[in-house]
>>> print(open('query17.cif').read())   # mmCIF, C-alpha atoms
data_start
loop_
_atom_site.label_atom_id
_atom_site.label_comp_id
_atom_site.auth_asym_id
_atom_site.auth_seq_id
_atom_site.Cartn_x
_atom_site.Cartn_y
_atom_site.Cartn_z
CA MET A 17 5.81 -29.06 -3.07
CA LYS A 18 5.75 -26.64 -5.98
CA PHE A 19 6.27 -22.88 -6.09
CA GLY A 20 4.91 -20.71 -8.90
CA VAL A 21 6.62 -17.39 -9.63
CA VAL A 22 4.49 -14.86 -11.50
CA THR A 23 6.14 -12.81 -14.23
CA PHE A 24 4.45 -9.48 -15.00
CA PRO A 25 5.78 -7.14 -17.68
CA GLY A 26 8.40 -5.25 -15.68
CA SER A 27 9.05 -7.89 -13.02
CA ASN A 28 12.79 -8.05 -12.38
CA CYS A 29 13.12 -10.33 -9.34
CA ASP A 30 11.31 -13.29 -10.87
CA TYR A 31 14.57 -15.07 -11.69
CA ASP A 32 15.96 -14.29 -8.21
CA ALA A 33 12.85 -15.88 -6.67
CA TYR A 34 13.10 -18.85 -9.05
CA THR A 35 16.76 -19.34 -8.10
CA ALA A 36 15.99 -19.00 -4.38
CA ILE A 37 13.54 -21.90 -4.63
CA LYS A 38 16.18 -23.94 -6.50
CA VAL A 39 18.58 -23.21 -3.60
CA LEU A 40 15.82 -24.35 -1.24
CA GLY A 41 15.63 -27.56 -3.27
CA GLU A 42 11.95 -27.46 -4.21
CA GLU A 43 10.14 -27.51 -7.54
CA VAL A 44 9.44 -24.13 -9.16
CA GLU A 45 7.87 -22.84 -12.36
CA PHE A 46 7.21 -19.41 -13.90
CA LEU A 47 3.60 -18.27 -14.29
CA TRP A 48 2.86 -15.82 -17.11
CA HIS A 49 0.68 -12.79 -16.32
CA LYS A 50 -1.58 -13.35 -19.35
CA SER A 51 -2.34 -16.92 -18.34
CA SER A 52 -4.84 -17.80 -15.67
CA ASP A 53 -3.30 -21.23 -15.00
CA LEU A 54 -1.41 -21.57 -11.72
CA LEU A 55 0.05 -24.90 -12.96
CA ASN A 56 -0.93 -26.68 -9.73
CA SER A 57 1.43 -24.56 -7.63
CA ASP A 58 1.21 -24.94 -3.85
CA VAL A 59 2.71 -21.52 -3.16
CA ILE A 60 2.54 -18.40 -5.34
CA ILE A 61 5.34 -15.84 -5.28
CA LEU A 62 4.59 -12.34 -6.57
CA PRO A 63 8.10 -11.03 -7.20
CA GLY A 64 9.67 -7.60 -7.05
CA GLY A 65 10.17 -5.23 -9.93
CA PHE A 66 8.19 -2.54 -11.70
CA SER A 67 5.11 -4.30 -13.03
CA TYR A 68 3.54 -2.28 -15.85
CA GLY A 69 6.22 0.36 -15.34
CA ASP A 70 4.75 1.33 -11.97
CA TYR A 71 2.32 3.43 -14.02
CA LEU A 72 -0.54 5.04 -12.08
CA ARG A 73 0.53 3.51 -8.72
CA SER A 74 2.87 0.61 -7.97
CA GLY A 75 0.93 -2.61 -8.45
CA ALA A 76 -2.28 -0.88 -9.54
CA ILE A 77 -2.40 -2.30 -13.05
CA ALA A 78 -0.88 -5.73 -12.35
CA ARG A 79 -3.84 -6.33 -10.08
CA PHE A 80 -6.12 -6.61 -13.12
CA SER A 81 -4.01 -9.11 -15.08
CA PRO A 82 -5.55 -12.56 -15.83
CA ILE A 83 -3.15 -14.40 -13.50
CA MET A 84 -4.21 -12.22 -10.55
CA LYS A 85 -7.81 -13.36 -10.89
CA SER A 86 -6.59 -16.91 -10.30
CA VAL A 87 -4.22 -15.82 -7.52
CA ASN A 88 -7.14 -14.06 -5.81
CA GLU A 89 -9.30 -17.18 -5.89
CA PHE A 90 -6.34 -19.29 -4.77
CA ALA A 91 -5.66 -16.96 -1.80
CA GLN A 92 -9.30 -16.79 -0.80
CA SER A 93 -9.52 -20.57 -0.67
CA GLY A 94 -6.52 -20.75 1.67
CA GLY A 95 -3.64 -21.05 -0.82
CA LEU A 96 -0.24 -19.67 0.23
CA VAL A 97 0.81 -16.40 -1.39
CA ILE A 98 3.92 -14.33 -0.69
CA GLY A 99 4.33 -10.89 -2.25
CA ILE A 100 7.78 -9.36 -2.18
CA CYS A 101 8.37 -5.63 -2.78
CA ASN A 102 6.31 -4.90 -5.92
CA GLY A 103 4.47 -8.15 -5.15
CA PHE A 104 3.50 -6.66 -1.77
CA GLN A 105 2.24 -3.57 -3.58
CA VAL A 106 0.14 -5.78 -5.89
CA LEU A 107 -1.38 -7.61 -2.87
CA LEU A 108 -2.35 -4.28 -1.26
CA GLU A 109 -3.89 -2.96 -4.47
CA SER A 110 -5.79 -6.26 -4.83
CA GLY A 111 -7.22 -5.90 -1.35
CA LEU A 112 -5.73 -9.25 -0.28
CA LEU A 113 -3.77 -7.31 2.36
CA PRO A 114 -4.83 -4.10 4.15
CA GLY A 115 -3.20 -0.68 3.78
CA ALA A 116 -1.10 1.07 1.16
CA LEU A 117 2.53 1.84 0.37
CA LEU A 118 3.40 5.50 -0.09
CA ARG A 119 6.52 7.02 -1.55
CA ASN A 120 9.52 6.72 0.80
CA ALA A 121 9.39 9.62 3.29
CA HIS A 122 12.83 10.87 2.17
CA LEU A 123 11.79 10.63 -1.52
CA ARG A 124 14.87 8.63 -2.49
CA PHE A 125 15.18 5.11 -3.80
CA ALA A 126 16.40 2.91 -0.94
CA GLY A 127 18.67 0.04 -1.99
CA LYS A 128 20.73 -1.49 0.83
CA TYR A 129 20.93 -4.20 3.44
CA ILE A 130 18.67 -3.51 6.41
CA TYR A 131 17.58 -5.43 9.50
CA ILE A 132 14.11 -6.69 10.29
CA LYS A 133 12.79 -8.20 13.48
CA VAL A 134 10.56 -11.26 13.37
CA GLU A 135 7.54 -9.96 15.28
CA ASN A 136 5.55 -13.16 14.94
CA ASN A 137 7.31 -16.51 14.45
CA SER A 138 4.19 -18.63 14.64
CA THR A 139 3.26 -18.02 11.01
CA ILE A 140 3.62 -20.29 8.00
CA PHE A 141 6.27 -17.89 6.68
CA THR A 142 8.40 -17.54 9.84
CA SER A 143 8.11 -20.88 11.62
CA THR A 144 11.87 -21.61 11.45
CA CYS A 145 12.79 -18.21 12.98
CA GLN A 146 13.38 -17.60 16.67
CA PRO A 147 11.02 -15.22 18.52
CA GLY A 148 12.31 -11.68 17.92
CA GLU A 149 15.07 -12.93 15.61
CA VAL A 150 16.85 -10.21 13.63
CA LEU A 151 17.25 -10.94 9.91
CA LYS A 152 19.64 -9.15 7.56
CA ILE A 153 17.88 -8.74 4.23
CA PRO A 154 18.22 -6.16 1.43
CA ILE A 155 15.60 -3.64 0.34
CA ALA A 156 15.32 -1.94 -3.05
CA HIS A 157 12.32 0.34 -3.42
CA MET A 158 10.93 3.84 -3.95
CA ASP A 159 7.43 3.21 -2.59
CA GLY A 160 7.86 1.22 0.61
CA ASN A 161 6.40 3.57 3.18
CA TYR A 162 3.64 1.46 4.74
CA TYR A 163 0.55 3.46 5.60
CA ASN A 164 -2.75 2.61 7.20
CA PHE A 165 -5.26 4.30 9.49
CA ASP A 166 -4.56 4.27 13.23
CA GLY A 167 -7.49 1.94 13.88
CA GLU A 168 -6.30 -0.53 11.25
CA ILE A 169 -2.77 -0.51 12.69
CA GLU A 170 -4.25 -1.40 16.08
CA ASP A 171 -6.18 -4.26 14.47
CA LEU A 172 -3.01 -5.54 12.78
CA LYS A 173 -1.19 -5.50 16.13
CA LYS A 174 -4.03 -7.18 18.02
CA GLN A 175 -4.39 -9.94 15.45
CA SER A 176 -0.62 -10.54 15.26
CA GLN A 177 -0.62 -9.63 11.57
CA VAL A 178 2.55 -7.54 11.83
CA ILE A 179 5.16 -10.14 10.86
CA PHE A 180 8.33 -8.06 10.30
CA ARG A 181 9.42 -4.65 11.62
CA TYR A 182 12.45 -2.59 10.61
CA CYS A 183 15.04 -2.42 13.38
CA ASP A 184 18.71 -1.70 13.96
CA LYS A 185 21.45 -4.32 13.97
CA ASP A 186 20.73 -5.19 17.60
CA GLY A 187 17.00 -5.55 17.11
CA ASN A 188 15.96 -2.19 18.55
CA ILE A 189 12.89 -0.77 16.85
CA ASN A 190 13.70 2.90 16.20
CA ASP A 191 13.67 5.62 13.55
CA ALA A 192 17.31 4.99 12.66
CA GLY A 193 16.43 1.46 11.58
CA ASN A 194 13.41 2.58 9.56
CA PRO A 195 14.53 3.07 5.93
CA ASN A 196 11.35 4.54 4.45
CA GLY A 197 9.11 6.10 7.11
CA SER A 198 6.72 3.13 7.50
CA ILE A 199 4.21 3.48 10.32
CA TYR A 200 5.13 1.32 13.33
CA ASN A 201 8.29 0.33 11.38
CA ILE A 202 6.18 -2.19 9.45
CA ALA A 203 8.20 -4.21 6.91
CA GLY A 204 5.79 -7.11 6.38
CA ILE A 205 2.22 -8.10 7.24
CA SER A 206 -0.11 -11.03 6.73
CA ASN A 207 -3.85 -11.30 6.22
CA LYS A 208 -6.08 -12.35 9.13
CA GLU A 209 -6.11 -15.97 8.00
CA GLY A 210 -2.30 -16.06 7.80
CA ASN A 211 -2.02 -17.59 4.32
CA VAL A 212 -1.07 -14.37 2.51
CA ILE A 213 2.01 -12.32 3.41
CA GLY A 214 3.56 -9.21 1.90
CA MET A 215 6.96 -7.73 2.66
CA MET A 216 9.15 -4.96 1.23
CA PRO A 217 12.58 -6.57 1.94
CA HIS A 218 13.84 -9.15 -0.57
CA PRO A 219 14.41 -12.55 1.09
CA GLU A 220 15.07 -14.10 -2.34
CA ARG A 221 18.19 -11.93 -2.65
CA ALA A 222 19.61 -13.25 0.62
CA VAL A 223 19.65 -17.02 0.28
CA GLU A 224 23.41 -17.75 0.12
CA ASP A 225 26.30 -16.38 2.16
CA ILE A 226 28.07 -15.30 -1.02
CA LEU A 227 25.21 -12.81 -1.55
CA GLY A 228 25.94 -11.16 1.81
CA SER A 229 23.35 -13.00 3.87
CA SER A 230 21.41 -16.24 3.85
CA ASP A 231 18.77 -15.04 6.32
CA GLY A 232 16.16 -14.79 3.58
CA LEU A 233 16.29 -18.54 3.07
CA LYS A 234 14.64 -18.98 6.49
CA ILE A 235 11.40 -17.61 5.08
CA PHE A 236 11.35 -20.15 2.25
CA GLU A 237 12.43 -22.92 4.62
CA SER A 238 9.57 -21.96 6.93
CA ILE A 239 7.08 -22.27 4.07
CA ALA A 240 8.48 -25.69 3.12
CA LYS A 241 8.42 -26.86 6.74
CA SER A 242 4.85 -25.65 7.28
CA PHE A 243 3.81 -27.27 4.05
CA SER A 244 5.34 -30.64 4.91
CA LYS A 245 3.51 -30.52 8.22
CA GLY A 246 0.29 -29.80 6.37
CA ILE A 247 -0.36 -26.54 8.21
CA ALA A 248 -3.09 -24.44 6.67
CA ILE A 249 -3.01 -26.32 3.42
CA GLU A 250 -6.72 -26.94 3.32
CA ARG A 251 -7.49 -25.87 -0.17
CA ALA A 252 -10.93 -26.62 -1.47
CA MET B 28 -23.77 9.41 -29.80
CA SER B 29 -22.03 12.51 -28.61
CA ASN B 30 -18.80 12.02 -26.74
CA LYS B 31 -18.54 13.69 -23.42
CA LYS B 32 -15.43 14.43 -21.53
CA ALA B 33 -14.76 13.69 -17.87
CA THR B 34 -11.87 15.07 -15.89
CA VAL B 35 -10.93 13.08 -12.81
CA PHE B 36 -8.93 14.71 -10.03
CA VAL B 37 -7.22 12.35 -7.59
CA ARG B 38 -5.98 13.74 -4.28
CA LEU B 39 -4.41 12.21 -1.19
CA LYS B 40 -6.82 12.11 1.74
CA ASP B 41 -6.33 14.62 4.54
CA GLY B 42 -3.76 13.33 6.99
CA VAL B 43 -1.94 11.11 4.47
CA LEU B 44 1.68 12.20 4.28
CA ASP B 45 2.60 13.78 0.94
CA PRO B 46 6.41 13.92 0.83
CA GLN B 47 6.31 15.27 -2.75
CA GLY B 48 4.07 18.14 -1.70
CA ILE B 49 6.35 18.94 1.23
CA THR B 50 9.43 18.93 -1.02
CA ILE B 51 7.72 21.17 -3.59
CA GLN B 52 6.72 23.58 -0.80
CA LYS B 53 10.33 23.69 0.41
CA ALA B 54 11.46 24.52 -3.14
CA ILE B 55 8.91 27.33 -3.32
CA LEU B 56 10.13 28.73 0.00
CA ASN B 57 13.73 28.46 -1.22
CA MET B 58 12.74 30.52 -4.26
CA GLY B 59 11.82 33.29 -1.85
CA TYR B 60 8.02 32.98 -2.01
CA ASP B 61 7.26 32.80 1.68
CA GLN B 62 3.48 33.11 1.27
CA VAL B 63 2.93 29.40 0.62
CA ALA B 64 1.86 27.62 3.79
CA SER B 65 1.42 24.16 2.31
CA VAL B 66 1.39 22.18 -0.95
CA ARG B 67 -0.52 18.97 -1.66
CA SER B 68 0.23 17.12 -4.87
CA GLY B 69 -2.23 15.10 -6.90
CA ARG B 70 -2.99 14.10 -10.47
CA PHE B 71 -5.74 14.33 -13.03
CA PHE B 72 -7.01 12.25 -15.93
CA GLU B 73 -9.07 13.24 -18.94
CA LEU B 74 -11.47 10.60 -20.21
CA GLU B 75 -13.54 10.68 -23.38
CA ILE B 76 -16.65 8.62 -22.93
CA ASN B 77 -18.87 6.85 -25.44
CA ALA B 78 -21.84 6.47 -23.15
CA GLU B 79 -24.68 8.71 -22.13
CA GLY B 80 -26.83 9.28 -19.12
CA GLU B 81 -26.62 7.86 -15.64
CA GLN B 82 -25.46 4.43 -16.82
CA GLY B 83 -22.32 5.98 -18.29
CA ASP B 84 -21.72 8.08 -15.16
CA LYS B 85 -21.93 4.97 -12.99
CA LYS B 86 -19.28 3.25 -15.10
CA ILE B 87 -16.99 6.26 -14.74
CA GLU B 88 -17.42 6.16 -10.97
CA GLU B 89 -16.44 2.49 -11.01
CA ILE B 90 -13.32 3.23 -13.06
CA CYS B 91 -12.38 6.00 -10.62
CA SER B 92 -12.77 3.90 -7.49
CA LYS B 93 -11.38 0.62 -8.87
CA LEU B 94 -8.40 1.89 -10.85
CA LEU B 95 -7.71 5.62 -11.01
CA SER B 96 -7.68 6.11 -7.24
CA ASN B 97 -6.75 3.91 -4.30
CA PRO B 98 -9.59 4.42 -1.79
CA VAL B 99 -7.26 3.59 1.11
CA ILE B 100 -5.26 6.77 0.63
CA GLU B 101 -6.95 8.85 -2.06
CA ASN B 102 -10.18 10.69 -2.88
CA TYR B 103 -11.34 11.66 -6.35
CA THR B 104 -13.62 14.31 -7.80
CA LEU B 105 -15.20 14.28 -11.23
CA GLU B 106 -16.04 17.10 -13.62
CA TYR B 107 -18.00 16.62 -16.84
CA GLU B 108 -18.01 18.79 -19.92
CA LYS B 109 -19.92 18.28 -23.16
#
>>> encode(input="query17.cif", output="structure tokens")
Amino acid sequence: MKFGVVTFPGSNCDYDAYTAIKVLGEEVEFLWHKSSDLLNSDVIILPGGFSYGDYLRSGAIARFSPIMKSVNEFAQSGGLVIGICNGFQVLLESGLLPGALLRNAHLRFAGKYIYIKVENNSTIFTSTCQPGEVLKIPIAHMDGNYYNFDGEIEDLKKQSQVIFRYCDKDGNINDAGNPNGSIYNIAGISNKEGNVIGMMPHPERAVEDILGSSDGLKIFESIAKSFSKGIAIERA
Amino acid sequence: MSNKKATVFVRLKDGVLDPQGITIQKAILNMGYDQVASVRSGRFFELEINAEGEQGDKKIEEICSKLLSNPVIENYTLEYEK
């Protein structure tokens, strides 16, 4: 299987994502924002960083780049897309995922290891995780405060679209474990169909023990496992 | 064709947390001005437009809703001047 990592002007986790896929042992190529060719990728990674300088709103301008037109079509026909940090912001601005990310409630940049609980392990992106497993993964963001209307949050819960929630070391969901003020401690969500996921924590920065954690690798292993089983890979 | 100018004001919707506004309010209170009950932050854009009539106005509305504001969390208002 082949991963494609999009590079926008201002992306700074594209090489981390590329390296993570190398660690996983799968094929990976960079996709340039001005191109509309996905180079036959099976999975698209929208990496972290500050696309277009975070001007206007995080992800607001990247959404209109030529590559995103192709990514949109790819996602809508069932292709797998994972947006990490700024990539999550791009997916929200594109309307591929519901909601918005506001400035962190404490107004400071948050860069540290945190813990997230796997709320739903029956997704393409979490299939190798245990139910309720706690993952240690770093965050690095200024605008990670997930926001949505009460009704929409209820819909996300009902449809099992909340994939990761911030928690403490022992897996308790509480304010102490919430690094940015996100509603319902939301750290990652998927679309209804389950082929598009966005998350603020950086799994690509936690793929080897020498980095402090290899928990992030589980997300990429899950994708590879789901792919080899042919789950949800029904692209037109 | 005469250029007209549009000013777009983008504000957070009621009920959406505005941590910047809250922090600015705290600073105002710390300065000793205790009359300020709340602050909401926002931003504005000035656009010069090479189009006339309703067709041009419709385009501006599209720009406002597609790019300048995020309808999930923000509202915008438009003011025109010749």
>>> interface_residues(input="query17.cif", of="chain A", to="chain B", cutoff="10 Å", atoms="all atoms listed in the file", output="mmCIF file with C-alpha atoms, in the coordinates of the input")
data_model
loop_
_atom_site.group_PDB
_atom_site.id
_atom_site.type_symbol
_atom_site.label_atom_id
_atom_site.label_comp_id
_atom_site.auth_asym_id
_atom_site.auth_seq_id
_atom_site.Cartn_x
_atom_site.Cartn_y
_atom_site.Cartn_z
ATOM 1 C CA LEU A 72 -0.540 5.040 -12.080
ATOM 2 C CA ARG A 73 0.530 3.510 -8.720
ATOM 3 C CA ALA A 76 -2.280 -0.880 -9.540
ATOM 4 C CA ILE A 77 -2.400 -2.300 -13.050
ATOM 5 C CA ARG A 79 -3.840 -6.330 -10.080
ATOM 6 C CA PHE A 80 -6.120 -6.610 -13.120
ATOM 7 C CA LEU A 108 -2.350 -4.280 -1.260
ATOM 8 C CA GLU A 109 -3.890 -2.960 -4.470
ATOM 9 C CA SER A 110 -5.790 -6.260 -4.830
ATOM 10 C CA GLY A 111 -7.220 -5.900 -1.350
ATOM 11 C CA PRO A 114 -4.830 -4.100 4.150
ATOM 12 C CA GLY A 115 -3.200 -0.680 3.780
ATOM 13 C CA ALA A 116 -1.100 1.070 1.160
ATOM 14 C CA LEU A 117 2.530 1.840 0.370
ATOM 15 C CA LEU A 118 3.400 5.500 -0.090
ATOM 16 C CA ARG A 119 6.520 7.020 -1.550
ATOM 17 C CA ASN A 120 9.520 6.720 0.800
ATOM 18 C CA ALA A 121 9.390 9.620 3.290
ATOM 19 C CA HIS A 122 12.830 10.870 2.170
ATOM 20 C CA LEU A 123 11.790 10.630 -1.520
ATOM 21 C CA ASN A 161 6.400 3.570 3.180
ATOM 22 C CA TYR A 163 0.550 3.460 5.600
ATOM 23 C CA ASN A 164 -2.750 2.610 7.200
ATOM 24 C CA PHE A 165 -5.260 4.300 9.490
#
>>> axis_aligned_box(input="query17.cif", around="region 199-207 of chain A", padding_each_side="8 Å", output="lines of an AutoDock Vina configuration file")
center_x = 2.2
center_y = -3.9
center_z = 9.8
size_x = 28.1
size_y = 30.8
size_z = 23.1
>>> atom_distance(input="query17.cif", atom1="CA of Ala203 (chain A)", atom2="CA of Asp32 (chain A)")
19.8 Å
>>> resolve_selection(input="query17.cif", expression="the PyMOL selection byres ((chain A and resi 158) around 8)", output="list in words")
Arg119, Asn120, Leu123, Arg124, Phe125, Ala126, Ala156, His157, Asp159 and Gly160 of chain A
>>> resolve_selection(input="query17.cif", expression="the PyMOL selection byres ((chain B and resi 87) around 10)", output="list in words")
Ala33, Val35, Leu74, Ile76, Ala78, Glu81, Gln82, Gly83, Asp84, Lys85, Lys86, Glu88, Glu89, Ile90, Cys91, Ser92, Lys93 and Leu105 of chain B
>>> resolve_selection(input="query17.cif", expression="the PyMOL selection byres ((chain A and resi 57) around 12)", output="VMD selection string")
chain A and resid 17 to 22 42 to 47 53 to 56 58 to 61 86 to 87 90 to 91 95 to 97 251
